[in-house]
Structure formats: structure tokens, C-alpha cells
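Shown next: input-v6.json, given as JSON, C-alpha atoms.
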```json
[["chain", "number", "residue", "atom", "x", "y", "z"],
["H", 1, "MET", "CA", 7.26, 30.48, -13.79],
["H", 2, "ILE", "CA", 9.61, 27.57, -13.21],
["H", 3, "ASP", "CA", 13.32, 28.20, -13.51],
["H", 4, "LYS", "CA", 14.75, 26.62, -16.68],
["H", 5, "GLU", "CA", 17.57, 24.95, -14.75],
["H", 6, "LEU", "CA", 15.04, 23.35, -12.38],
["H", 7, "LEU", "CA", 12.84, 22.26, -15.28],
["H", 8, "ALA", "CA", 15.84, 20.57, -16.90],
["H", 9, "ILE", "CA", 16.32, 18.24, -13.91],
["H", 10, "LEU", "CA", 12.67, 17.47, -13.13],
["H", 11, "ALA", "CA", 11.29, 14.10, -14.17],
["H", 12, "CYS", "CA", 8.21, 11.97, -13.67],
["H", 13, "PRO", "CA", 8.57, 10.21, -10.30],
["H", 14, "GLU", "CA", 7.08, 7.02, -11.75],
["H", 15, "THR", "CA", 8.82, 6.54, -15.09],
["H", 16, "LYS", "CA", 11.70, 9.03, -14.78],
["H", 17, "GLU", "CA", 10.66, 10.47, -18.16],
["H", 18, "PRO", "CA", 11.36, 14.17, -18.67],
["H", 19, "VAL", "CA", 8.55, 16.66, -18.15],
["H", 20, "ALA", "CA", 7.83, 19.86, -20.06],
["H", 21, "LEU", "CA", 5.77, 22.93, -19.30],
["H", 22, "ALA", "CA", 2.18, 22.55, -20.44],
["H", 23, "GLU", "CA", 0.90, 24.86, -23.15],
["H", 24, "GLU", "CA", -1.36, 27.67, -21.95],
["H", 25, "GLU", "CA", -4.22, 26.27, -24.07],
["H", 26, "LEU", "CA", -4.07, 22.94, -22.23],
["H", 27, "ILE", "CA", -4.09, 24.66, -18.81],
["H", 28, "ALA", "CA", -7.03, 26.86, -19.87],
["H", 29, "ALA", "CA", -8.98, 23.81, -21.08],
["H", 30, "LEU", "CA", -8.25, 21.88, -17.88],
["H", 31, "ASN", "CA", -9.21, 24.87, -15.71],
["H", 32, "SER", "CA", -12.51, 25.12, -17.57],
["H", 33, "ARG", "CA", -13.18, 21.42, -16.92],
["H", 34, "ILE", "CA", -12.05, 21.79, -13.27],
["H", 35, "ALA", "CA", -14.57, 24.61, -12.80],
["H", 36, "ARG", "CA", -17.30, 22.20, -13.96],
["H", 37, "GLY", "CA", -16.06, 19.44, -11.62],
["H", 38, "GLU", "CA", -15.06, 17.17, -14.52],
["H", 39, "VAL", "CA", -11.39, 16.52, -13.69],
["H", 40, "LYS", "CA", -10.17, 13.76, -11.41],
["H", 41, "ASN", "CA", -6.57, 13.11, -10.45],
["H", 42, "ARG", "CA", -4.87, 9.75, -10.57],
["H", 43, "ALA", "CA", -6.14, 8.93, -7.06],
["H", 44, "GLY", "CA", -9.72, 9.43, -8.31],
["H", 45, "LYS", "CA", -10.25, 12.64, -6.32],
["H", 46, "THR", "CA", -11.99, 15.57, -8.04],
["H", 47, "VAL", "CA", -9.45, 18.32, -8.67],
["H", 48, "GLU", "CA", -10.42, 21.54, -6.92],
["H", 49, "GLY", "CA", -8.93, 24.96, -7.56],
["H", 50, "GLN", "CA", -7.50, 26.34, -10.73],
["H", 51, "LEU", "CA", -4.07, 25.28, -12.00],
["H", 52, "ASP", "CA", -1.32, 27.88, -12.26],
["H", 53, "GLY", "CA", 0.37, 25.64, -14.80],
["H", 54, "GLY", "CA", 1.48, 22.08, -15.27],
["H", 55, "LEU", "CA", 4.24, 19.74, -16.28],
["H", 56, "VAL", "CA", 3.38, 17.17, -18.94],
["H", 57, "ARG", "CA", 5.16, 13.83, -18.92],
["H", 58, "ALA", "CA", 7.08, 13.12, -22.13],
["H", 59, "ASP", "CA", 4.60, 10.43, -23.23],
["H", 60, "GLY", "CA", 1.71, 12.88, -22.77],
["H", 61, "ALA", "CA", -0.17, 10.57, -20.37],
["H", 62, "TYR", "CA", -0.16, 12.77, -17.26],
["H", 63, "LEU", "CA", 0.07, 16.38, -16.18],
["H", 64, "TYR", "CA", 1.61, 17.25, -12.82],
["H", 65, "PRO", "CA", -0.02, 20.42, -11.49],
["H", 66, "ILE", "CA", 1.84, 23.60, -10.59],
["H", 67, "GLN", "CA", 0.36, 25.44, -7.60],
["H", 68, "ASP", "CA", 1.83, 28.73, -6.35],
["H", 69, "GLU", "CA", 4.82, 28.19, -8.68],
["H", 70, "ILE", "CA", 5.57, 24.82, -7.04],
["H", 71, "PRO", "CA", 5.41, 21.65, -9.17],
["H", 72, "ILE", "CA", 3.45, 18.91, -7.41],
["H", 73, "LEU", "CA", 5.28, 15.77, -8.53],
["H", 74, "LEU", "CA", 3.19, 13.26, -6.58],
["H", 75, "LEU", "CA", 1.73, 10.27, -8.43],
["H", 76, "ASP", "CA", -1.72, 10.60, -6.85],
["H", 77, "GLU", "CA", -1.92, 14.30, -7.81],
["H", 78, "ALA", "CA", -1.14, 13.65, -11.49],
["H", 79, "ILE", "CA", -4.01, 14.42, -13.87],
["H", 80, "PRO", "CA", -4.59, 11.84, -16.62],
["H", 81, "LEU", "CA", -4.62, 13.45, -20.07],
["H", 82, "ARG", "CA", -5.90, 10.46, -22.04]]
```
Write-out of the structure in C-alpha cells:
Amino acid sequence: MIDKELLAILACPETKEPVALAEEELIAALNSRIARGEVKNRAGKTVEGQLDGGLVRADGAYLYPIQDEIPILLLDEAIPLR
């Protein structure tokens, strides 16, 4: 789990919008789609491996994955949600 103080200072590297922890239902749905090979990241690469969690940009457009309790705030790794 991400520390609340850390979460409070994290932001989207592109727009500087705040990010929030993704709901468990969203992560479960994405993991199901990842298992079927249906999820591509912003760079167009198929996402492999289950997500531990994610950070959703305030506008809801992208999810930044959390792997091994580390948020991956790289534009190319962001997963489009729309």
C-alpha cells in the first residue's frame, strides 16, 4: 500500500493533475483483461503481468500501474482507461 503522505504529493507527470488510488474493482477488471492479452499501455505495448494496484489521473483518462508497491509514473507505461 502506498503511504498517504507520498500519495498526497504524487501527480501525473504529463498534466500535473493529482492521482488517486484505483478502486479494487477497476484493478480486478484490468487484471482480467491483462490475462486475456487485451490491455495495451500508452506506448502501444501489451501489458504483461498482473497489477498490484494503480493510480488514476484526476480526469480518469489514465491509470499508472503499481508494481511491487512502487508507482510507475512513466507516460509510456500509463494504461488508457477510455
Ala22 of chain H environment, 12 Å, all atoms listed in the file, sequence neighbours closer than 2 positions dropped, as a list in words: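 My list of contacting residues is Met1, Ile2, Leu7, Val19, Ala20, Glu24, Glu25, Leu26, Ile27, Ala28, Ala29, Leu30, Leu51, Asp52, Gly53, Gly54, Leu55, Val56, Arg57, Ala58, Gly60, Tyr62, Leu63, Tyr64, Pro65, Ile66, Pro71 and Leu81 of chain H.
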With 5 Å on each side, where is the centre of the axis-aligned box around all listed atoms of segment 62-75 of chain H, and how long are its edges in Å to one decimal, as JSON?
```
{"center_x": 2.7, "center_y": 19.5, "center_z": -11.8, "size_x": 15.7, "size_y": 28.5, "size_z": 20.9}
```
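Taking atom CA of Leu73 of chain H and atom CA of Ile9 of chain H as endpoints, the distance between them is 12.5 Å.
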Atom CA of Leu21 of chain H and atom CA of Glu48 of chain H, how far apart in Å?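 Atom CA of Leu21 of chain H lies at a distance of 20.4 Å from atom CA of Glu48 of chain H.
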Please provide the set of residues having any atom within 9 Å of Gly37 of chain H, restricted to all atoms listed in the file, with same-chain residues fewer than 5 positions apart removed, written as a CSV table (one decimal) with C-alpha atoms, in the coordinates of the input.
```csv
chain,number,residue,atom,x,y,z
H,32,SER,CA,-12.5,25.1,-17.6
H,46,THR,CA,-12.0,15.6,-8.0
H,47,VAL,CA,-9.4,18.3,-8.7
H,48,GLU,CA,-10.4,21.5,-6.9
```
Between atom CA of Glu77 of chain H and atom CA of Lys45 of chain H, what is the distance, to one decimal in Å?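 Separation between atom CA of Glu77 of chain H and atom CA of Lys45 of chain H: 8.6 Å.
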I need the residue nearest Arg82 of chain H from this list: H:Asn31, H:Gly49, H:Asn41, H:Glu69. Use only C-alpha atoms for the distance. H:Asn41
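Compared by their closest atoms to Leu75 of chain H, and using all atoms listed in the file, the residues H:Gln50, H:Glu23, H:Ile34, H:Thr15 rank with H:Thr15 nearest.
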